[in-house]
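Asks: Supplied structure: protein.tsv, TSV, N, CA and C atoms and all ligand atoms.
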chain	number	residue	atom	x	y	z
M	1	MET	N	-68.26	-149.79	-11.79
M	1	MET	CA	-69.33	-148.86	-11.37
M	1	MET	C	-68.75	-147.66	-10.63
M	2	ALA	N	-67.72	-147.91	-9.84
M	2	ALA	CA	-67.12	-146.80	-9.10
M	2	ALA	C	-66.59	-145.75	-10.08
M	3	LEU	N	-66.04	-146.22	-11.18
M	3	LEU	CA	-65.51	-145.28	-12.16
M	3	LEU	C	-66.62	-144.43	-12.75
M	4	LYS	N	-67.72	-145.09	-13.05
M	4	LYS	CA	-68.84	-144.37	-13.65
M	4	LYS	C	-69.38	-143.32	-12.68
M	5	LEU	N	-69.35	-143.64	-11.40
M	5	LEU	CA	-69.82	-142.70	-10.37
M	5	LEU	C	-68.76	-141.68	-9.99
M	6	ASP	N	-67.55	-141.92	-10.50
M	6	ASP	CA	-66.45	-141.02	-10.19
M	6	ASP	C	-66.14	-140.99	-8.69
M	7	ILE	N	-66.09	-142.15	-8.11
M	7	ILE	CA	-65.72	-142.27	-6.69
M	7	ILE	C	-64.72	-143.40	-6.56
M	8	PRO	N	-63.96	-143.42	-5.47
M	8	PRO	CA	-63.02	-144.53	-5.27
M	8	PRO	C	-63.76	-145.85	-5.10
M	9	VAL	N	-63.13	-146.92	-5.57
M	9	VAL	CA	-63.74	-148.24	-5.47
M	9	VAL	C	-64.06	-148.59	-4.02
M	10	GLU	N	-63.13	-148.27	-3.10
M	10	GLU	CA	-63.36	-148.63	-1.70
M	10	GLU	C	-64.63	-147.96	-1.18
M	11	MET	N	-64.87	-146.75	-1.66
M	11	MET	CA	-66.06	-146.04	-1.20
M	11	MET	C	-67.32	-146.73	-1.70
M	12	ALA	N	-67.27	-147.16	-2.94
M	12	ALA	CA	-68.43	-147.87	-3.49
M	12	ALA	C	-68.70	-149.14	-2.70
M	13	VAL	N	-67.64	-149.84	-2.38
M	13	VAL	CA	-67.78	-151.09	-1.62
M	13	VAL	C	-68.36	-150.79	-0.24
M	14	ARG	N	-67.81	-149.76	0.40
M	14	ARG	CA	-68.23	-149.43	1.76
M	14	ARG	C	-69.72	-149.07	1.80
M	15	HIS	N	-70.20	-148.47	0.72
M	15	HIS	CA	-71.60	-148.04	0.72
M	15	HIS	C	-72.52	-149.04	0.02
M	16	GLY	N	-71.97	-150.22	-0.23
M	16	GLY	CA	-72.80	-151.28	-0.75
M	16	GLY	C	-73.22	-151.10	-2.19
M	17	ILE	N	-72.44	-150.36	-2.96
M	17	ILE	CA	-72.74	-150.23	-4.38
M	17	ILE	C	-72.24	-151.49	-5.07
M	18	PRO	N	-73.12	-152.20	-5.75
M	18	PRO	CA	-72.67	-153.43	-6.40
M	18	PRO	C	-71.68	-153.12	-7.52
M	19	THR	N	-70.81	-154.08	-7.78
M	19	THR	CA	-69.80	-153.87	-8.82
M	19	THR	C	-70.44	-153.87	-10.20
M	20	LYS	N	-71.55	-154.55	-10.30
M	20	LYS	CA	-72.29	-154.50	-11.57
M	20	LYS	C	-73.68	-153.93	-11.28
M	21	MET	N	-74.09	-153.04	-12.13
M	21	MET	CA	-75.35	-152.34	-11.91
M	21	MET	C	-76.01	-152.15	-13.27
M	22	SER	N	-77.30	-152.35	-13.32
M	22	SER	CA	-77.98	-152.11	-14.60
M	22	SER	C	-78.11	-150.61	-14.82
M	23	ASP	N	-78.36	-150.23	-16.06
M	23	ASP	CA	-78.54	-148.82	-16.36
M	23	ASP	C	-79.70	-148.23	-15.57
M	24	ALA	N	-80.72	-149.06	-15.37
M	24	ALA	CA	-81.89	-148.59	-14.64
M	24	ALA	C	-81.53	-148.32	-13.18
M	25	GLU	N	-80.76	-149.23	-12.59
M	25	GLU	CA	-80.34	-149.05	-11.20
M	25	GLU	C	-79.44	-147.82	-11.07
M	26	PHE	N	-78.60	-147.66	-12.07
M	26	PHE	CA	-77.69	-146.53	-12.06
M	26	PHE	C	-78.48	-145.22	-12.17
M	27	ALA	N	-79.45	-145.21	-13.06
M	27	ALA	CA	-80.27	-144.01	-13.24
M	27	ALA	C	-81.01	-143.66	-11.96
M	28	LEU	N	-81.45	-144.70	-11.26
M	28	LEU	CA	-82.16	-144.49	-10.01
M	28	LEU	C	-81.25	-143.84	-8.96
M	29	LEU	N	-80.02	-144.36	-8.89
M	29	LEU	CA	-79.04	-143.81	-7.95
M	29	LEU	C	-78.72	-142.36	-8.30
M	30	GLU	N	-78.59	-142.11	-9.60
M	30	GLU	CA	-78.27	-140.77	-10.07
M	30	GLU	C	-79.41	-139.78	-9.79
M	31	SER	N	-80.63	-140.26	-9.90
M	31	SER	CA	-81.77	-139.37	-9.74
M	31	SER	C	-81.97	-139.00	-8.27
M	32	ASP	N	-81.49	-139.86	-7.38
M	32	ASP	CA	-81.63	-139.58	-5.95
M	32	ASP	C	-80.34	-139.98	-5.24
M	33	PRO	N	-79.26	-139.27	-5.50
M	33	PRO	CA	-77.96	-139.70	-4.95
M	33	PRO	C	-77.95	-139.61	-3.43
M	34	PRO	N	-77.41	-140.64	-2.78
M	34	PRO	CA	-77.32	-140.61	-1.31
M	34	PRO	C	-76.34	-139.51	-0.87
M	35	PRO	N	-76.49	-139.04	0.36
M	35	PRO	CA	-75.65	-137.93	0.85
M	35	PRO	C	-74.15	-138.16	0.71
M	36	TRP	N	-73.70	-139.38	0.95
M	36	TRP	CA	-72.26	-139.61	0.87
M	36	TRP	C	-71.75	-139.42	-0.55
M	37	LEU	N	-72.62	-139.72	-1.54
M	37	LEU	CA	-72.21	-139.55	-2.93
M	37	LEU	C	-72.17	-138.07	-3.30
M	38	VAL	N	-73.16	-137.34	-2.85
M	38	VAL	CA	-73.18	-135.90	-3.08
M	38	VAL	C	-71.95	-135.26	-2.45
M	39	GLN	N	-71.65	-135.67	-1.22
M	39	GLN	CA	-70.51	-135.12	-0.50
M	39	GLN	C	-69.20	-135.44	-1.22
M	40	SER	N	-69.09	-136.68	-1.66
M	40	SER	CA	-67.87	-137.09	-2.34
M	40	SER	C	-67.65	-136.26	-3.60
M	41	ARG	N	-68.71	-136.02	-4.32
M	41	ARG	CA	-68.58	-135.24	-5.55
M	41	ARG	C	-68.28	-133.77	-5.26
M	42	ALA	N	-68.88	-133.27	-4.20
M	42	ALA	CA	-68.62	-131.87	-3.83
M	42	ALA	C	-67.14	-131.69	-3.52
M	43	ASN	N	-66.58	-132.71	-2.84
M	43	ASN	CA	-65.16	-132.63	-2.49
M	43	ASN	C	-64.27	-132.64	-3.71
M	44	ARG	N	-64.75	-133.25	-4.76
M	44	ARG	CA	-63.92	-133.39	-5.96
M	44	ARG	C	-64.18	-132.30	-6.98
M	45	SER	N	-65.22	-131.55	-6.82
M	45	SER	CA	-65.54	-130.55	-7.82
M	45	SER	C	-64.53	-129.41	-7.78
M	46	PRO	N	-64.38	-128.70	-8.89
M	46	PRO	CA	-63.41	-127.59	-8.94
M	46	PRO	C	-63.74	-126.49	-7.93
M	47	LYS	N	-64.99	-126.44	-7.51
M	47	LYS	CA	-65.39	-125.39	-6.58
M	47	LYS	C	-64.99	-125.72	-5.15
M	48	ALA	N	-64.64	-126.97	-4.91
M	48	ALA	CA	-64.27	-127.36	-3.56
M	48	ALA	C	-62.96	-126.67	-3.16
M	49	ARG	N	-62.70	-126.68	-1.88
M	49	ARG	CA	-61.48	-126.08	-1.36
M	49	ARG	C	-60.26	-126.66	-2.08
M	50	PRO	N	-59.41	-125.80	-2.60
M	50	PRO	CA	-58.25	-126.33	-3.32
M	50	PRO	C	-57.32	-127.06	-2.36
M	51	VAL	N	-56.64	-128.05	-2.88
M	51	VAL	CA	-55.74	-128.82	-2.03
M	51	VAL	C	-54.51	-127.99	-1.67
M	52	TRP	N	-54.11	-127.12	-2.58
M	52	TRP	CA	-52.97	-126.26	-2.32
M	52	TRP	C	-53.39	-124.81	-2.49
M	53	VAL	N	-52.89	-123.98	-1.64
M	53	VAL	CA	-53.11	-122.55	-1.81
M	53	VAL	C	-51.75	-121.86	-1.84
M	54	GLU	N	-51.73	-120.68	-2.43
M	54	GLU	CA	-50.51	-119.90	-2.42
M	54	GLU	C	-50.57	-118.89	-1.28
M	55	LEU	N	-49.62	-119.00	-0.39
M	55	LEU	CA	-49.49	-118.00	0.68
M	55	LEU	C	-48.56	-116.92	0.15
M	56	LYS	N	-48.94	-115.68	0.34
M	56	LYS	CA	-48.10	-114.60	-0.17
M	56	LYS	C	-47.94	-113.51	0.88
M	57	CYS	N	-46.71	-113.15	1.13
M	57	CYS	CA	-46.43	-112.11	2.11
M	57	CYS	C	-46.80	-110.75	1.54
M	58	VAL	N	-47.60	-110.00	2.30
M	58	VAL	CA	-48.06	-108.70	1.84
M	58	VAL	C	-46.92	-107.68	1.88
M	59	VAL	N	-45.88	-107.96	2.65
M	59	VAL	CA	-44.78	-107.01	2.79
M	59	VAL	C	-43.71	-107.21	1.71
M	60	CYS	N	-43.21	-108.42	1.58
M	60	CYS	CA	-42.08	-108.63	0.67
M	60	CYS	C	-42.45	-109.46	-0.56
M	61	GLY	N	-43.64	-110.01	-0.60
M	61	GLY	CA	-44.05	-110.74	-1.79
M	61	GLY	C	-43.60	-112.18	-1.83
M	62	PHE	N	-42.96	-112.66	-0.76
M	62	PHE	CA	-42.55	-114.06	-0.70
M	62	PHE	C	-43.78	-114.96	-0.82
M	63	THR	N	-43.67	-116.00	-1.63
M	63	THR	CA	-44.80	-116.91	-1.76
M	63	THR	C	-44.39	-118.33	-1.39
M	64	GLU	N	-45.39	-119.08	-0.99
M	64	GLU	CA	-45.17	-120.47	-0.63
M	64	GLU	C	-46.46	-121.23	-0.89
M	65	ALA	N	-46.33	-122.40	-1.46
M	65	ALA	CA	-47.52	-123.24	-1.63
M	65	ALA	C	-47.73	-124.03	-0.35
M	66	ALA	N	-48.98	-124.09	0.10
M	66	ALA	CA	-49.26	-124.80	1.34
M	66	ALA	C	-50.61	-125.49	1.25
M	67	ARG	N	-50.73	-126.52	2.02
M	67	ARG	CA	-52.05	-127.17	2.15
M	67	ARG	C	-52.85	-126.40	3.18
M	68	PRO	N	-54.02	-125.90	2.79
M	68	PRO	CA	-54.81	-125.15	3.77
M	68	PRO	C	-55.27	-126.05	4.91
M	69	LYS	N	-55.27	-125.51	6.11
M	69	LYS	CA	-55.74	-126.25	7.29
M	69	LYS	C	-57.19	-125.87	7.58
M	70	LYS	N	-57.89	-126.83	8.13
M	70	LYS	CA	-59.31	-126.57	8.42
M	70	LYS	C	-59.49	-125.42	9.40
M	71	TRP	N	-58.52	-125.25	10.30
M	71	TRP	CA	-58.69	-124.25	11.35
M	71	TRP	C	-58.31	-122.85	10.89
M	72	TRP	N	-57.79	-122.72	9.68
M	72	TRP	CA	-57.41	-121.40	9.22
M	72	TRP	C	-58.64	-120.52	9.02
M	73	PRO	N	-58.63	-119.34	9.60
M	73	PRO	CA	-59.71	-118.40	9.29
M	73	PRO	C	-59.42	-117.76	7.93
M	74	ALA	N	-60.29	-116.89	7.50
M	74	ALA	CA	-60.05	-116.15	6.25
M	74	ALA	C	-59.08	-115.02	6.58
M	75	PHE	N	-57.88	-115.10	6.06
M	75	PHE	CA	-56.87	-114.10	6.39
M	75	PHE	C	-57.04	-112.84	5.57
M	76	THR	N	-56.90	-111.71	6.25
M	76	THR	CA	-56.90	-110.44	5.53
M	76	THR	C	-55.54	-110.25	4.86
M	77	TYR	N	-54.49	-110.53	5.62
M	77	TYR	CA	-53.13	-110.46	5.09
M	77	TYR	C	-52.34	-111.64	5.61
M	78	LEU	N	-51.29	-111.96	4.85
M	78	LEU	CA	-50.29	-112.89	5.36
M	78	LEU	C	-48.97	-112.15	5.33
M	79	THR	N	-48.15	-112.40	6.31
M	79	THR	CA	-46.84	-111.76	6.35
M	79	THR	C	-45.83	-112.73	6.94
M	80	CYS	N	-44.57	-112.61	6.47
M	80	CYS	CA	-43.54	-113.44	7.06
M	80	CYS	C	-43.41	-113.09	8.54
M	81	ALA	N	-43.08	-114.10	9.33
M	81	ALA	CA	-43.01	-113.89	10.79
M	81	ALA	C	-41.95	-112.86	11.17
M	82	HIS	N	-40.94	-112.67	10.32
M	82	HIS	CA	-39.84	-111.78	10.73
M	82	HIS	C	-40.12	-110.30	10.44
M	83	HIS	N	-41.20	-109.98	9.75
M	83	HIS	CA	-41.51	-108.57	9.52
M	83	HIS	C	-42.12	-107.94	10.77
M	84	ALA	N	-41.88	-106.65	10.94
M	84	ALA	CA	-42.52	-105.93	12.03
M	84	ALA	C	-43.98	-105.73	11.68
M	85	ILE	N	-44.84	-105.79	12.69
M	85	ILE	CA	-46.27	-105.65	12.44
M	85	ILE	C	-46.58	-104.29	11.81
M	86	GLY	N	-45.72	-103.30	12.08
M	86	GLY	CA	-45.93	-101.97	11.51
M	86	GLY	C	-45.79	-101.93	10.00
M	87	GLU	N	-45.21	-102.97	9.41
M	87	GLU	CA	-45.04	-103.00	7.96
M	87	GLU	C	-46.31	-103.46	7.24
M	88	VAL	N	-47.21	-104.05	8.01
M	88	VAL	CA	-48.47	-104.52	7.42
M	88	VAL	C	-49.45	-103.35	7.39
M	89	PRO	N	-50.21	-103.20	6.32
M	89	PRO	CA	-51.20	-102.10	6.26
M	89	PRO	C	-52.12	-102.11	7.48
M	90	ASP	N	-52.50	-100.94	7.94
M	90	ASP	CA	-53.39	-100.85	9.10
M	90	ASP	C	-54.76	-101.44	8.77
M	91	PRO	N	-55.44	-101.95	9.79
M	91	PRO	CA	-56.80	-102.45	9.55
M	91	PRO	C	-57.74	-101.29	9.20
M	92	ALA	N	-58.75	-101.58	8.45
M	92	ALA	CA	-59.76	-100.57	8.13
M	92	ALA	C	-60.40	-100.08	9.42
M	93	GLU	N	-60.95	-98.89	9.37
M	93	GLU	CA	-61.52	-98.30	10.57
M	93	GLU	C	-62.62	-99.19	11.16
M	94	GLY	N	-62.56	-99.35	12.46
M	94	GLY	CA	-63.60	-100.12	13.13
M	94	GLY	C	-63.36	-101.61	13.15
M	95	LEU	N	-62.28	-102.06	12.50
M	95	LEU	CA	-62.00	-103.50	12.51
M	95	LEU	C	-60.95	-103.83	13.56
M	96	TYR	N	-61.10	-104.99	14.16
M	96	TYR	CA	-60.14	-105.47	15.13
M	96	TYR	C	-59.19	-106.44	14.45
M	97	ARG	N	-57.95	-106.37	14.87
M	97	ARG	CA	-56.94	-107.22	14.23
M	97	ARG	C	-56.52	-108.34	15.16
M	98	SER	N	-56.42	-109.50	14.63
M	98	SER	CA	-55.83	-110.60	15.39
M	98	SER	C	-54.79	-111.28	14.52
M	99	GLU	N	-53.88	-111.96	15.16
M	99	GLU	CA	-52.80	-112.63	14.44
M	99	GLU	C	-52.80	-114.11	14.73
M	100	VAL	N	-52.49	-114.87	13.72
M	100	VAL	CA	-52.44	-116.32	13.88
M	100	VAL	C	-51.05	-116.78	13.49
M	101	ASP	N	-50.32	-117.32	14.45
M	101	ASP	CA	-48.96	-117.81	14.18
M	101	ASP	C	-48.98	-119.17	13.49
M	102	GLY	N	-47.87	-119.47	12.87
M	102	GLY	CA	-47.65	-120.83	12.40
M	102	GLY	C	-48.38	-121.19	11.13
M	103	ILE	N	-48.54	-120.22	10.24
M	103	ILE	CA	-49.17	-120.51	8.95
M	103	ILE	C	-48.06	-120.87	7.96
M	104	GLY	N	-48.19	-122.02	7.35
M	104	GLY	CA	-47.12	-122.46	6.47
M	104	GLY	C	-45.82	-122.57	7.24
M	105	SER	N	-44.68	-122.35	6.57
M	105	SER	CA	-43.40	-122.52	7.24
M	105	SER	C	-42.93	-121.24	7.90
M	106	ARG	N	-43.48	-120.08	7.50
M	106	ARG	CA	-42.90	-118.83	8.00
M	106	ARG	C	-43.89	-117.69	8.08
M	107	PHE	N	-45.17	-117.97	7.97
M	107	PHE	CA	-46.13	-116.88	7.89
M	107	PHE	C	-46.90	-116.65	9.19
M	108	ILE	N	-47.34	-115.40	9.31
M	108	ILE	CA	-48.33	-115.05	10.33
M	108	ILE	C	-49.57	-114.60	9.57
M	109	GLY	N	-50.71	-115.11	9.98
M	109	GLY	CA	-51.95	-114.70	9.36
M	109	GLY	C	-52.53	-113.50	10.11
M	110	ILE	N	-52.93	-112.49	9.37
M	110	ILE	CA	-53.56	-111.31	9.96
M	110	ILE	C	-55.04	-111.37	9.62
M	111	VAL	N	-55.85	-111.28	10.65
M	111	VAL	CA	-57.30	-111.32	10.43
M	111	VAL	C	-57.90	-110.02	10.96
M	112	ASP	N	-58.47	-109.24	10.08
M	112	ASP	CA	-59.19	-108.03	10.49
M	112	ASP	C	-60.68	-108.34	10.43
M	113	SER	N	-61.34	-108.16	11.55
M	113	SER	CA	-62.77	-108.47	11.56
M	113	SER	C	-63.51	-107.47	12.41
M	114	ALA	N	-64.80	-107.46	12.28
M	114	ALA	CA	-65.62	-106.45	12.95
M	114	ALA	C	-65.91	-106.81	14.40
M	115	SER	N	-65.55	-108.00	14.82
M	115	SER	CA	-65.83	-108.36	16.20
M	115	SER	C	-64.64	-109.05	16.84
N	1	ZN	ZN	-42.24	-111.18	3.82
Just give me the structure of the file as structure tokens.

Replies:
Amino acid sequence: MALKLDIPVEMAVRHGIPTKMSDAEFALLESDPPPWLVQSRANRSPKARPVWVELKCVVCGFTEAARPKKWWPAFTYLTCAHHAIGEVPDPAEGLYRSEVDGIGSRFIGIVDSAS
């Protein structure tokens, strides 16, 4: 049943999904999926946050694959830590710039925002 629902077996067990289910029971579950099932599928859908992202330096083009962290804001630019800040394009007018250290193995995240 876990396979049919496209969820891990442990998850099915944890949520009390029987290992055998009639088509009618299955249809009922499908017609009104519990929140944990919806959440599980959202996490697995192609639209969900990718497991790996490509970090790319705006100055030299160096790239690195990294697992995105939950605390990462939306970066305007990424740059290697060893570049001078002057090498990064200036923020658009009226935007404030902040920097986030420690992105991937060698990047600084640049965030330009209106506040
Ligand atoms: Zn670089």

Asks: Smallest atom-to-atom distance to M:His83: which of M:Pro8, M:Gly61, M:Pro33, M:Pro18, using only C-alpha atoms?

Replies: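 The closest residue to M:His83 is M:Gly61.
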
Asks: Please, which residues in chain M fall within 7 Å of ligand ZN 1 (chain N) when counting all atoms listed in the file, and what is the closest atom pair and distance in Å to one decimal for each, ordered by chain then residue number, as JSON lines?

Replies:
{"residue": "M:Lys56", "atom": "C", "partner": "N:ZN1", "partner_atom": "ZN", "distance": 6.8}
{"residue": "M:Cys57", "atom": "CA", "partner": "N:ZN1", "partner_atom": "ZN", "distance": 4.6}
{"residue": "M:Val58", "atom": "N", "partner": "N:ZN1", "partner_atom": "ZN", "distance": 5.7}
{"residue": "M:Val59", "atom": "C", "partner": "N:ZN1", "partner_atom": "ZN", "distance": 4.7}
{"residue": "M:Cys60", "atom": "N", "partner": "N:ZN1", "partner_atom": "ZN", "distance": 3.7}
{"residue": "M:Gly61", "atom": "N", "partner": "N:ZN1", "partner_atom": "ZN", "distance": 4.8}
{"residue": "M:Phe62", "atom": "N", "partner": "N:ZN1", "partner_atom": "ZN", "distance": 4.9}
{"residue": "M:Leu78", "atom": "C", "partner": "N:ZN1", "partner_atom": "ZN", "distance": 7.0}
{"residue": "M:Thr79", "atom": "C", "partner": "N:ZN1", "partner_atom": "ZN", "distance": 5.0}
{"residue": "M:Cys80", "atom": "N", "partner": "N:ZN1", "partner_atom": "ZN", "distance": 3.8}
{"residue": "M:Ala81", "atom": "N", "partner": "N:ZN1", "partner_atom": "ZN", "distance": 6.3}
{"residue": "M:His82", "atom": "N", "partner": "N:ZN1", "partner_atom": "ZN", "distance": 6.8}
{"residue": "M:His83", "atom": "N", "partner": "N:ZN1", "partner_atom": "ZN", "distance": 6.1}

Asks: Enter the distance from atom C of M:Ile103 to atom N of M:Pro91, in Å, rounded to one decimal.

Replies: 20.4 Å

Asks: At a cut-off of 6.5 Å, using only N, CA and C atoms, what residues contact stretch 71-75 of chain M? Leave out same-chain residues fewer than 2 positions from it and give the result as number ranges by chain.

Replies: M: 68-69, 77-78, 109-112

Asks: May I have the residues within 8 Å of M:Glu54 as a PyMOL selection string, using only C-alpha atoms and disregarding those fewer than 4 positions away in the same chain?

Replies: chain M and resi 63-66

Asks: Can you tell me, as number ranges by chain, which residues in chain M count as helix (DSSP H, G or I) by DSSP?

Replies: M: 2-5, 9-14, 23-31, 35-44, 85-87

Asks: How about completing stretch 34-44 of chain M with all heavy atoms and giving it to me as a PDB file, in the coordinates of the input?

Replies:
ATOM      1  N   PRO M  34     -77.410-140.640  -2.780  1.00  0.00           N
ATOM      2  CA  PRO M  34     -77.320-140.610  -1.310  1.00  0.00           C
ATOM      3  C   PRO M  34     -76.340-139.510  -0.870  1.00  0.00           C
ATOM      4  O   PRO M  34     -75.484-139.100  -1.650  1.00  0.00           O
ATOM      5  CB  PRO M  34     -76.785-141.999  -0.960  1.00  0.00           C
ATOM      6  CG  PRO M  34     -76.139-142.504  -2.212  1.00  0.00           C
ATOM      7  CD  PRO M  34     -76.852-141.856  -3.360  1.00  0.00           C
ATOM      8  N   PRO M  35     -76.490-139.040   0.360  1.00  0.00           N
ATOM      9  CA  PRO M  35     -75.650-137.930   0.850  1.00  0.00           C
ATOM     10  C   PRO M  35     -74.150-138.160   0.710  1.00  0.00           C
ATOM     11  O   PRO M  35     -73.413-137.245   0.376  1.00  0.00           O
ATOM     12  CB  PRO M  35     -76.049-137.811   2.323  1.00  0.00           C
ATOM     13  CG  PRO M  35     -77.424-138.378   2.401  1.00  0.00           C
ATOM     14  CD  PRO M  35     -77.478-139.470   1.355  1.00  0.00           C
ATOM     15  N   TRP M  36     -73.700-139.380   0.950  1.00  0.00           N
ATOM     16  CA  TRP M  36     -72.260-139.610   0.870  1.00  0.00           C
ATOM     17  C   TRP M  36     -71.750-139.420  -0.550  1.00  0.00           C
ATOM     18  O   TRP M  36     -70.617-138.999  -0.763  1.00  0.00           O
ATOM     19  CB  TRP M  36     -71.902-141.015   1.392  1.00  0.00           C
ATOM     20  CG  TRP M  36     -72.519-142.154   0.623  1.00  0.00           C
ATOM     21  CD1 TRP M  36     -73.667-142.814   0.949  1.00  0.00           C
ATOM     22  CD2 TRP M  36     -72.054-142.743  -0.589  1.00  0.00           C
ATOM     23  NE1 TRP M  36     -73.934-143.781   0.015  1.00  0.00           N
ATOM     24  CE2 TRP M  36     -72.967-143.761  -0.947  1.00  0.00           C
ATOM     25  CE3 TRP M  36     -70.960-142.518  -1.418  1.00  0.00           C
ATOM     26  CZ2 TRP M  36     -72.817-144.539  -2.096  1.00  0.00           C
ATOM     27  CZ3 TRP M  36     -70.803-143.289  -2.562  1.00  0.00           C
ATOM     28  CH2 TRP M  36     -71.725-144.289  -2.896  1.00  0.00           C
ATOM     29  N   LEU M  37     -72.620-139.720  -1.540  1.00  0.00           N
ATOM     30  CA  LEU M  37     -72.210-139.550  -2.930  1.00  0.00           C
ATOM     31  C   LEU M  37     -72.170-138.070  -3.300  1.00  0.00           C
ATOM     32  O   LEU M  37     -71.230-137.604  -3.946  1.00  0.00           O
ATOM     33  CB  LEU M  37     -73.174-140.312  -3.851  1.00  0.00           C
ATOM     34  CG  LEU M  37     -72.846-140.271  -5.340  1.00  0.00           C
ATOM     35  CD1 LEU M  37     -71.435-140.794  -5.613  1.00  0.00           C
ATOM     36  CD2 LEU M  37     -73.859-141.079  -6.138  1.00  0.00           C
ATOM     37  N   VAL M  38     -73.160-137.340  -2.850  1.00  0.00           N
ATOM     38  CA  VAL M  38     -73.180-135.900  -3.080  1.00  0.00           C
ATOM     39  C   VAL M  38     -71.950-135.260  -2.450  1.00  0.00           C
ATOM     40  O   VAL M  38     -71.260-134.438  -3.067  1.00  0.00           O
ATOM     41  CB  VAL M  38     -74.463-135.281  -2.486  1.00  0.00           C
ATOM     42  CG1 VAL M  38     -74.423-133.753  -2.590  1.00  0.00           C
ATOM     43  CG2 VAL M  38     -75.689-135.832  -3.213  1.00  0.00           C
ATOM     44  N   GLN M  39     -71.650-135.670  -1.220  1.00  0.00           N
ATOM     45  CA  GLN M  39     -70.510-135.120  -0.500  1.00  0.00           C
ATOM     46  C   GLN M  39     -69.200-135.440  -1.220  1.00  0.00           C
ATOM     47  O   GLN M  39     -68.344-134.584  -1.391  1.00  0.00           O
ATOM     48  CB  GLN M  39     -70.491-135.707   0.918  1.00  0.00           C
ATOM     49  CG  GLN M  39     -69.387-135.159   1.790  1.00  0.00           C
ATOM     50  CD  GLN M  39     -69.515-133.665   1.989  1.00  0.00           C
ATOM     51  OE1 GLN M  39     -70.599-133.167   2.228  1.00  0.00           O
ATOM     52  NE2 GLN M  39     -68.424-132.927   1.866  1.00  0.00           N
ATOM     53  N   SER M  40     -69.090-136.680  -1.660  1.00  0.00           N
ATOM     54  CA  SER M  40     -67.870-137.090  -2.340  1.00  0.00           C
ATOM     55  C   SER M  40     -67.650-136.260  -3.600  1.00  0.00           C
ATOM     56  O   SER M  40     -66.545-135.830  -3.902  1.00  0.00           O
ATOM     57  CB  SER M  40     -67.969-138.577  -2.710  1.00  0.00           C
ATOM     58  OG  SER M  40     -66.960-138.917  -3.638  1.00  0.00           O
ATOM     59  N   ARG M  41     -68.710-136.020  -4.320  1.00  0.00           N
ATOM     60  CA  ARG M  41     -68.580-135.240  -5.550  1.00  0.00           C
ATOM     61  C   ARG M  41     -68.280-133.770  -5.260  1.00  0.00           C
ATOM     62  O   ARG M  41     -67.540-133.129  -5.988  1.00  0.00           O
ATOM     63  CB  ARG M  41     -69.858-135.361  -6.368  1.00  0.00           C
ATOM     64  CG  ARG M  41     -69.961-136.732  -6.988  1.00  0.00           C
ATOM     65  CD  ARG M  41     -71.225-136.880  -7.772  1.00  0.00           C
ATOM     66  NE  ARG M  41     -71.181-138.110  -8.543  1.00  0.00           N
ATOM     67  CZ  ARG M  41     -72.236-138.630  -9.147  1.00  0.00           C
ATOM     68  NH1 ARG M  41     -73.394-138.029  -9.036  1.00  0.00           N
ATOM     69  NH2 ARG M  41     -72.113-139.727  -9.837  1.00  0.00           N
ATOM     70  N   ALA M  42     -68.880-133.270  -4.200  1.00  0.00           N
ATOM     71  CA  ALA M  42     -68.620-131.870  -3.830  1.00  0.00           C
ATOM     72  C   ALA M  42     -67.140-131.690  -3.520  1.00  0.00           C
ATOM     73  O   ALA M  42     -66.529-130.698  -3.889  1.00  0.00           O
ATOM     74  CB  ALA M  42     -69.478-131.470  -2.644  1.00  0.00           C
ATOM     75  N   ASN M  43     -66.580-132.710  -2.840  1.00  0.00           N
ATOM     76  CA  ASN M  43     -65.160-132.630  -2.490  1.00  0.00           C
ATOM     77  C   ASN M  43     -64.270-132.640  -3.710  1.00  0.00           C
ATOM     78  O   ASN M  43     -63.172-132.116  -3.689  1.00  0.00           O
ATOM     79  CB  ASN M  43     -64.769-133.798  -1.582  1.00  0.00           C
ATOM     80  CG  ASN M  43     -65.357-133.663  -0.197  1.00  0.00           C
ATOM     81  OD1 ASN M  43     -65.785-132.576   0.194  1.00  0.00           O
ATOM     82  ND2 ASN M  43     -65.403-134.761   0.531  1.00  0.00           N
ATOM     83  N   ARG M  44     -64.750-133.250  -4.760  1.00  0.00           N
ATOM     84  CA  ARG M  44     -63.920-133.390  -5.960  1.00  0.00           C
ATOM     85  C   ARG M  44     -64.180-132.300  -6.980  1.00  0.00           C
ATOM     86  O   ARG M  44     -63.440-132.188  -7.942  1.00  0.00           O
ATOM     87  CB  ARG M  44     -64.174-134.753  -6.605  1.00  0.00           C
ATOM     88  CG  ARG M  44     -63.699-135.890  -5.739  1.00  0.00           C
ATOM     89  CD  ARG M  44     -64.197-137.197  -6.302  1.00  0.00           C
ATOM     90  NE  ARG M  44     -63.720-137.421  -7.650  1.00  0.00           N
ATOM     91  CZ  ARG M  44     -62.715-138.245  -7.938  1.00  0.00           C
ATOM     92  NH1 ARG M  44     -62.115-138.895  -6.981  1.00  0.00           N
ATOM     93  NH2 ARG M  44     -62.327-138.423  -9.184  1.00  0.00           N
TER      94      ARG M  44
END
